[in-house]
Each structure stands twice: as C-alpha cells, then as structure tokens.
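Here's work.cif, which has mmCIF, C-alpha atoms:
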data_query
#
loop_
_atom_site.label_atom_id
_atom_site.label_comp_id
_atom_site.auth_asym_id
_atom_site.auth_seq_id
_atom_site.Cartn_x
_atom_site.Cartn_y
_atom_site.Cartn_z
CA MET A 87 -121.70 -2.47 -245.18
CA THR A 88 -125.12 -3.75 -246.24
CA ALA A 89 -126.78 -1.36 -248.66
CA SER A 90 -130.28 -0.10 -247.95
CA SER A 91 -132.92 0.58 -250.58
CA LEU A 92 -133.80 4.08 -251.67
CA PRO A 93 -137.02 5.52 -250.24
CA ALA A 94 -140.05 5.37 -252.49
CA ASP A 95 -140.58 9.15 -252.38
CA ILE A 96 -137.53 10.33 -254.36
CA LEU A 97 -137.62 14.10 -254.89
CA TRP A 98 -135.47 14.12 -258.03
CA GLU A 99 -132.65 12.31 -259.78
CA GLU A 100 -129.82 13.59 -261.97
CA VAL A 101 -127.19 11.68 -263.96
CA ILE A 102 -123.84 13.44 -264.34
CA PRO A 103 -121.97 12.01 -267.35
CA GLY A 104 -118.30 11.22 -266.83
CA GLY A 105 -116.21 14.40 -267.03
CA ASN A 106 -119.17 16.73 -266.59
CA HIS A 107 -120.06 19.06 -263.71
CA TRP A 108 -123.16 20.13 -261.78
CA SER A 109 -124.23 22.43 -258.95
CA GLY A 110 -127.36 23.10 -256.95
CA LEU A 111 -128.91 24.13 -253.64
CA ILE A 112 -129.54 21.18 -251.32
CA ARG A 113 -131.88 21.98 -248.44
CA ARG A 114 -131.23 21.09 -244.80
CA GLY A 115 -132.85 17.73 -244.03
CA THR A 116 -132.34 16.39 -247.56
CA ALA A 117 -130.16 13.40 -248.39
CA LEU A 118 -128.40 12.52 -251.63
CA ARG A 119 -127.46 9.04 -252.72
CA ILE A 120 -124.45 9.35 -255.02
CA THR A 121 -124.14 6.19 -257.13
CA ASP A 122 -121.17 5.04 -259.21
CA LEU A 123 -122.94 3.84 -262.37
CA GLU A 124 -120.01 2.22 -264.17
CA GLY A 125 -117.28 1.55 -261.62
CA GLY A 126 -114.16 3.64 -261.09
CA ALA A 127 -116.02 6.93 -260.74
CA ASN A 128 -114.61 10.05 -259.13
CA LEU A 129 -116.91 12.82 -257.97
CA SER A 130 -115.09 15.89 -256.65
CA ALA A 131 -117.33 17.92 -254.34
CA LEU A 132 -117.28 21.32 -252.62
CA PHE A 133 -119.80 22.66 -250.10
CA TYR A 134 -120.74 26.31 -249.43
CA ASN A 135 -123.29 28.06 -247.23
CA PRO A 136 -125.62 29.69 -249.80
CA GLU A 137 -126.64 32.42 -247.31
CA ASP A 138 -123.00 33.35 -246.62
CA LYS A 139 -120.70 31.89 -249.27
CA LEU A 140 -117.59 32.82 -247.28
CA GLU A 141 -118.52 29.86 -245.08
CA ARG A 142 -117.50 26.67 -246.82
CA TYR A 143 -116.18 23.13 -246.29
CA ASN A 144 -112.95 23.04 -244.27
CA MET A 145 -110.85 19.93 -244.89
CA PRO A 146 -108.29 20.39 -242.05
CA ASP A 147 -110.98 20.89 -239.39
CA THR A 148 -113.01 17.98 -240.74
CA LEU A 149 -110.10 15.56 -240.51
CA LYS A 150 -108.55 16.64 -237.22
CA ALA A 151 -111.90 16.81 -235.41
CA GLN A 152 -112.62 13.18 -236.29
CA HIS A 153 -109.03 11.86 -236.18
CA THR A 154 -109.15 10.55 -239.74
CA ALA A 155 -107.48 11.05 -243.13
CA PHE A 156 -110.43 9.89 -245.22
CA LEU A 157 -114.23 9.97 -245.06
CA THR A 158 -116.77 7.15 -244.71
CA ALA A 159 -120.03 6.38 -242.90
CA GLY A 160 -120.27 8.12 -239.52
CA HIS A 161 -118.12 11.06 -240.59
CA VAL A 162 -119.30 14.62 -241.15
CA CYS A 163 -118.00 17.56 -243.19
CA TYR A 164 -117.31 20.71 -241.18
CA SER A 165 -117.48 24.30 -242.32
CA ASP A 166 -114.81 26.79 -241.32
CA MET A 167 -117.29 28.08 -238.73
CA GLY A 168 -117.33 24.75 -236.86
CA ARG A 169 -120.75 23.72 -238.14
CA VAL A 170 -121.69 20.34 -239.62
CA MET A 171 -122.57 20.94 -243.26
CA CYS A 172 -123.35 17.33 -244.17
CA SER A 173 -122.99 13.78 -242.85
CA ILE A 174 -122.21 10.44 -244.47
CA ILE A 175 -125.05 8.18 -243.32
CA GLU A 176 -124.36 5.15 -245.55
CA ASP A 177 -121.36 4.07 -247.60
CA THR A 178 -120.64 0.90 -249.58
CA VAL A 179 -117.15 2.07 -250.59
CA GLY A 180 -115.44 2.70 -247.25
CA TRP A 181 -112.86 5.35 -248.19
CA HIS A 182 -113.27 8.72 -249.91
CA ASP A 183 -110.19 10.81 -250.66
CA THR A 184 -109.76 14.16 -248.93
CA PHE A 185 -106.18 15.13 -249.87
CA CYS A 186 -105.61 15.11 -253.59
CA GLY A 187 -107.67 17.99 -254.97
CA VAL A 188 -108.87 18.13 -258.58
CA SER A 189 -107.28 17.60 -261.99
CA ASP A 190 -106.51 20.65 -264.11
CA ALA A 191 -106.09 21.24 -267.86
CA ALA A 192 -102.31 20.71 -267.79
CA MET A 193 -102.66 17.34 -266.03
CA ILE A 194 -105.29 16.10 -268.48
CA ALA A 195 -103.32 17.30 -271.52
CA ALA A 196 -100.13 15.65 -270.26
CA ARG A 197 -101.91 12.33 -269.72
CA PHE A 198 -104.25 12.14 -272.71
CA GLY A 199 -102.89 14.66 -275.23
CA PRO A 200 -104.30 17.98 -276.43
CA SER A 201 -108.05 18.38 -276.83
CA SER A 202 -110.48 21.22 -277.40
CA PHE A 203 -114.19 21.74 -277.94
CA GLN A 204 -113.47 23.17 -281.38
CA THR A 205 -112.02 19.86 -282.58
CA GLN A 206 -113.86 17.28 -280.45
CA ARG A 207 -117.09 19.03 -279.45
CA ASN A 208 -118.68 17.25 -276.48
CA ALA A 209 -116.06 14.49 -276.64
CA MET A 210 -113.40 16.95 -275.45
CA TYR A 211 -111.32 16.08 -272.39
CA ARG A 212 -112.64 17.86 -269.31
CA ASN A 213 -110.82 18.54 -266.05
CA GLY A 214 -112.03 19.02 -262.52
CA LYS A 215 -110.73 22.52 -261.88
CA ASP A 216 -112.33 24.11 -264.95
CA GLY A 217 -115.60 22.27 -264.31
CA MET A 218 -115.68 23.58 -260.74
CA LEU A 219 -114.93 27.13 -261.91
CA VAL A 220 -117.78 27.02 -264.46
CA GLU A 221 -120.21 26.07 -261.70
CA LEU A 222 -118.82 28.52 -259.14
CA ALA A 223 -119.18 31.41 -261.59
CA LYS A 224 -122.94 30.88 -261.60
CA TYR A 225 -123.00 32.06 -257.97
CA GLY A 226 -120.48 34.91 -258.16
CA LEU A 227 -117.58 32.74 -256.96
CA GLY A 228 -114.23 32.12 -258.60
CA LYS A 229 -110.65 30.89 -258.28
CA ARG A 230 -110.12 32.31 -254.80
CA ASP A 231 -113.08 30.22 -253.60
CA LEU A 232 -111.56 26.89 -254.65
CA VAL A 233 -110.59 25.02 -251.49
CA ALA A 234 -109.59 21.45 -250.68
CA ASN A 235 -112.41 19.17 -251.82
CA VAL A 236 -113.76 15.67 -251.23
CA ASN A 237 -113.22 13.05 -253.96
CA PHE A 238 -116.07 10.58 -253.54
CA PHE A 239 -115.33 6.99 -254.68
CA SER A 240 -111.54 7.54 -254.88
CA LYS A 241 -108.76 6.21 -252.67
CA ALA A 242 -105.15 7.39 -252.62
CA GLN A 243 -103.03 5.20 -250.37
CA PRO A 244 -99.74 6.40 -248.78
CA ASP A 245 -96.58 4.33 -248.53
CA GLU A 246 -94.06 4.50 -245.68
CA ALA A 247 -92.40 7.53 -247.28
CA GLY A 248 -95.71 9.36 -247.57
CA HIS A 249 -96.08 9.06 -251.34
CA LEU A 250 -99.69 8.67 -252.47
CA THR A 251 -100.74 6.02 -254.99
CA PHE A 252 -104.13 5.89 -256.68
CA VAL A 253 -106.00 2.65 -255.93
CA ARG A 254 -107.55 1.42 -259.17
CA GLY A 255 -110.83 -0.49 -258.94
CA HIS A 256 -111.64 0.91 -255.49
CA SER A 257 -115.28 1.64 -256.38
CA ARG A 258 -117.43 -0.80 -258.33
CA ALA A 259 -120.51 -0.25 -260.48
CA GLY A 260 -123.49 0.23 -258.16
CA ASP A 261 -121.48 1.39 -255.15
CA HIS A 262 -122.97 4.41 -253.44
CA VAL A 263 -122.55 6.92 -250.64
CA ASP A 264 -125.51 8.60 -248.91
CA VAL A 265 -124.91 12.17 -247.75
CA ARG A 266 -127.41 13.94 -245.47
CA PHE A 267 -127.30 17.74 -245.58
CA ASP A 268 -127.44 19.25 -242.10
CA MET A 269 -127.30 22.82 -243.41
CA ASN A 270 -128.63 24.46 -246.54
CA VAL A 271 -125.69 23.80 -248.86
CA LEU A 272 -124.60 24.99 -252.27
CA LEU A 273 -123.17 21.77 -253.69
CA VAL A 274 -120.63 21.96 -256.55
CA VAL A 275 -119.40 18.72 -258.16
CA SER A 276 -117.27 17.48 -261.04
CA ALA A 277 -117.07 13.92 -262.41
CA ALA A 278 -113.70 14.49 -264.10
CA PRO A 279 -110.80 12.06 -263.46
CA HIS A 280 -109.02 12.03 -260.11
CA PRO A 281 -105.66 13.87 -260.35
CA LEU A 282 -103.67 10.72 -259.51
CA ASP A 283 -105.64 8.38 -261.79
CA ASP A 284 -103.07 6.84 -264.15
CA ALA A 285 -105.55 5.54 -266.73
CA THR A 286 -104.23 5.65 -270.30
CA ALA A 287 -107.66 6.27 -271.87
CA TYR A 288 -110.00 9.15 -271.00
CA LYS A 289 -113.13 7.34 -269.78
CA PRO A 290 -114.42 8.96 -266.58
CA ALA A 291 -117.47 7.18 -265.18
CA ALA A 292 -120.95 8.64 -264.80
CA VAL A 293 -122.62 9.10 -261.41
CA LYS A 294 -126.25 9.48 -260.39
CA LEU A 295 -127.67 11.78 -257.70
CA SER A 296 -130.93 10.73 -256.01
CA ALA A 297 -132.49 13.11 -253.45
CA TRP A 298 -135.06 12.50 -250.72
CA HIS A 299 -136.28 14.04 -247.45
CA SER A 300 -134.18 12.38 -244.75
CA GLY A 301 -134.99 14.64 -241.80
CA LEU A 302 -132.41 15.88 -239.32
CA ALA A 303 -129.96 13.98 -237.13
CA ALA A 304 -131.53 12.42 -234.03
CA ASP A 305 -129.84 12.54 -230.64
CA ASP A 306 -128.49 9.01 -231.14
CA ASP A 307 -127.49 9.50 -234.78
CA PRO A 308 -124.19 7.64 -235.47
CA CYS A 309 -122.66 10.73 -237.09
CA ARG A 310 -123.52 12.84 -234.04
CA THR A 311 -122.22 10.28 -231.53
CA HIS A 312 -119.09 9.41 -233.53
CA CYS A 313 -116.99 11.69 -231.29
CA GLU A 314 -117.41 14.55 -228.83
CA GLN A 315 -116.44 17.15 -231.41
CA ASN A 316 -119.24 16.02 -233.72
CA GLN A 317 -121.74 16.51 -230.91
CA ARG A 318 -120.50 20.10 -230.52
CA GLY A 319 -120.59 20.60 -234.30
CA PHE A 320 -124.25 19.56 -234.51
CA ILE A 321 -125.08 21.93 -231.64
CA ASN A 322 -123.40 24.78 -233.54
CA THR A 323 -125.43 23.93 -236.63
CA GLU A 324 -128.72 23.70 -234.75
CA ARG A 325 -128.16 27.05 -233.02
CA TYR A 326 -127.54 28.63 -236.43
CA TYR A 327 -131.09 27.67 -237.49
CA LEU A 328 -132.91 28.69 -234.28
#
What would the structure in this file look like if it were written as structure tokens?
Amino acid sequence: MTASSLPADILWEEVIPGGNHWSGLIRRGTALRITDLEGGANLSALFYNPEDKLERYNMPDTLKAQHTAFLTAGHVCYSDMGRVMCSIIEDTVGWHDTFCGVSDAAMIAARFGPSSFQTQRNAMYRNGKDGMLVELAKYGLGKRDLVANVNFFSKAQPDEAGHLTFVRGHSRAGDHVDVRFDMNVLLVVSAAPHPLDDATAYKPAAVKLSAWHSGLAADDDPCRTHCEQNQRGFINTERYYL
C-alpha cells in the first residue's frame, strides 16, 4: 500500500537496537509507527491491560474472529475478554507472523554458538524469551504470563504438509506498520531474531517506534468495518471506558 507521512506532532520516538527489548504504557487513542530501519527486522510484541494484567492479547480469538492466519492493515488484536486492544491502520509489509512465538536461549546458542555478557558484554547474543521476561518482571509478571505473540515484519509460510518456512527478505529497510491503541495497553517488545530465521550470522535489525495522538476509531473505520465481529469488539472496548 502507499505509505503516508508521519504527523508533524510526534509525541516521542525510540530506537530499539537489534536484539534489545523495550516496554511501556501506550494510552488509548495513541498510534505507533514501527519502522524496520535496516531490513529483515523482527519485533515480537505482547499486549496487556495495565489496569488488569490478567487481560492480555489472545491469538486464537484474534485469528478466528477475522478468519485469518496473519495480521495486516484492517486487522485488530483482541484481548481474551473480547475487546479490541489495538488496530493495524497502515502496513507496507502485508504479513505479520502470529504463530511462531519467540526465540529462546537454546535456539540462539544452537544457531550461533555460546555467548554470555561476561565474555562479550553488550555484543552478547540475545533471545526473545529472555528479553520479554526482563520487561515483564518490571510489572510483576513472569513466565506464566508469556502467551502467543505477534512477530511484526516476519513471515512464516506453510507448505502443503503444514511445515512452516521463514521467508527471508520479507521486510525491507523503511517498511513500517502503524498500530493504533484502542485500549490503554502495556506493550512489551523484543527485537531478537525470529525463531525460524536461519541466518548464519547474528545481526538482528533495529526498529524505531514513533508515537502520535491518532484519536479513536470512527464509525466507518476500516478496522471496525472489516467484519461483524470487529464491530462487536469495538463496542465491547467502548463500553469498558464509559
């Protein structure tokens, strides 16, 4: 799709170096542009309700409600309470993985060899699971709160037997996805490699977050009108904030 320019009144921007992790509270009515700065980025993301952290992103409900296996513009992310947590309002990539989860220390060690902070300092190999757990601990959450996540910029394509293959080069430098937050959301992200990425060198790409006031979804918003279930999901969200 044709990319739009960022608004002039950006609230803040943050660059997440490849392999690193970040978390923060994103207010309802705020949008984030997530930009792949180098090409080949992977940004694993989880979403929680900061007022009730037991409510969080639900991958099965998100996919079955919208009859899809991946996310792109027009799709929303549902909580396990049937509310729309966030919506994808623009996307130059076209496919964001929902199935494959995050890399862990064993995966990274098997692919790239052993590594530790003691020997490599900030050049150590990082993995998605540990990065997520570091961020979750800041809010009193832990391993039991890790659920299926979104992998922005990544595509894993199935064959006829159902085996998934990582699609290299899916996202290019400058590609972006714009996510509007329809609830107050605790956002937790990691820029570590995708678990199916078969790269032989550890070079995860950096991403940039750019936030602005987007406002809430209008009655004719494409994410709201995408399907009947989305219309009900937005109603559930709006009633929550009455």
Residue nearest His256 in chain A - candidates A:Ala131, A:Ala155, A:Leu219, A:Val179, atoms counted: only C-alpha atoms: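 Among A:Ala131, A:Ala155, A:Leu219, A:Val179, it is A:Val179 that comes nearest to His256 in chain A.
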Of A:Cys186, A:Leu273, A:Cys163, A:Ile96, the one sitting nearest Gln315 in chain A when using all atoms listed in the file is A:Cys163
**Prompt:** Using all atoms listed in the file, what residues lie at most 6 Å away from (-121.8, 17.9, -262.5) (file coordinates), given as a PyMOL selection string?
**Reply:** chain A and resi 102+106-108+275-276
From CA of Phe252 in chain A to CA of His182 in chain A the spacing works out at 11.7 Å
TODO: Considering all atoms listed in the file, return as a count of residues only whatever protein or nucleic-acid residues lie within 10 Å of Trp98 in chain A, sequence-local ones (same chain, fewer than 6 positions apart) excluded.
DONE: 5
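Candidate residues A:Phe239, A:Cys172, A:Ser202, A:Asn208 were compared for distance to Gly115 in chain A, and the nearest is A:Cys172, using only C-alpha atoms.
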- Task: Rounded to one decimal place, report the CA of Ala117 in chain A-CA of Tyr327 in chain A distance in Å.
- Result: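 For CA of Ala117 in chain A relative to CA of Tyr327 in chain A, the distance reads 18.0 Å.
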Separating CA of Pro279 in chain A from CA of Asn128 in chain A, to the nearest tenth of an Å, is a gap of 6.1 Å
Using the chain letters and numbers from the file, which residues does the PyMOL selection byres ((chain A and resi 304) around 12) grab, as a PyMOL selection string?
chain A and resi 115+268+300-303+305-311+317+320-321+324
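Nearest to Val274 in chain A of all the residues A:Gly248, A:Gly199, A:Gly110, A:Gly104 is A:Gly110, based on all atoms listed in the file.
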| message | Using only C-alpha atoms, can you tell me which of A:Ala223, A:Val271, A:Arg169, A:Val265 comes closest to Pro136 in chain A? | response |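 Closest to Pro136 in chain A of all the choices is A:Val271.
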Legend entry - Explicit residue set for the PyMOL selection byres ((chain A and resi 89) around 10), as a ChimeraX atom specification: /A:87-88,90-92,176-178,261-263
- Item | Resolved residues for the PyMOL selection byres ((chain A and resi 124) around 7) as a ChimeraX atom specification | /A:122-123,125-126,259,291-292
For Glu314 in chain A, the closest of A:Asp231, A:Gln243, A:Asp190, A:His153 counting only C-alpha atoms is A:His153
Excluding same-chain residues fewer than 3 positions from Leu129 in chain A, what lies within 6 Å of it counting all atoms listed in the file, as a list in words? Asn237, Phe238, Ser276 and Ala277 of chain A
Box in all listed atoms of range 320-326 of chain A, axis-aligned, with 4 Å more on each side; write out centre and edge lengths in Å to one decimal as AutoDock Vina command-line options.
--center_x -126.1 --center_y 24.1 --center_z -234.1 --size_x 13.3 --size_y 17.1 --size_z 13.0
Residue contacts of Thr184 in chain A (8 Å, all atoms listed in the file) excluding same-chain residues fewer than 5 positions away, as JSON, numbers by chain
{"A": [145, 155, 156, 157, 234, 235, 236, 237]}
Using only C-alpha atoms, please write the residues we just selected to a file, as a PDB file, in the frame of the given file.
ATOM      1  CA  MET A 145    -110.850  19.930-244.890  1.00  0.00           C
ATOM      2  CA  ALA A 155    -107.480  11.050-243.130  1.00  0.00           C
ATOM      3  CA  PHE A 156    -110.430   9.890-245.220  1.00  0.00           C
ATOM      4  CA  LEU A 157    -114.230   9.970-245.060  1.00  0.00           C
ATOM      5  CA  ALA A 234    -109.590  21.450-250.680  1.00  0.00           C
ATOM      6  CA  ASN A 235    -112.410  19.170-251.820  1.00  0.00           C
ATOM      7  CA  VAL A 236    -113.760  15.670-251.230  1.00  0.00           C
ATOM      8  CA  ASN A 237    -113.220  13.050-253.960  1.00  0.00           C
TER       9      ASN A 237
END
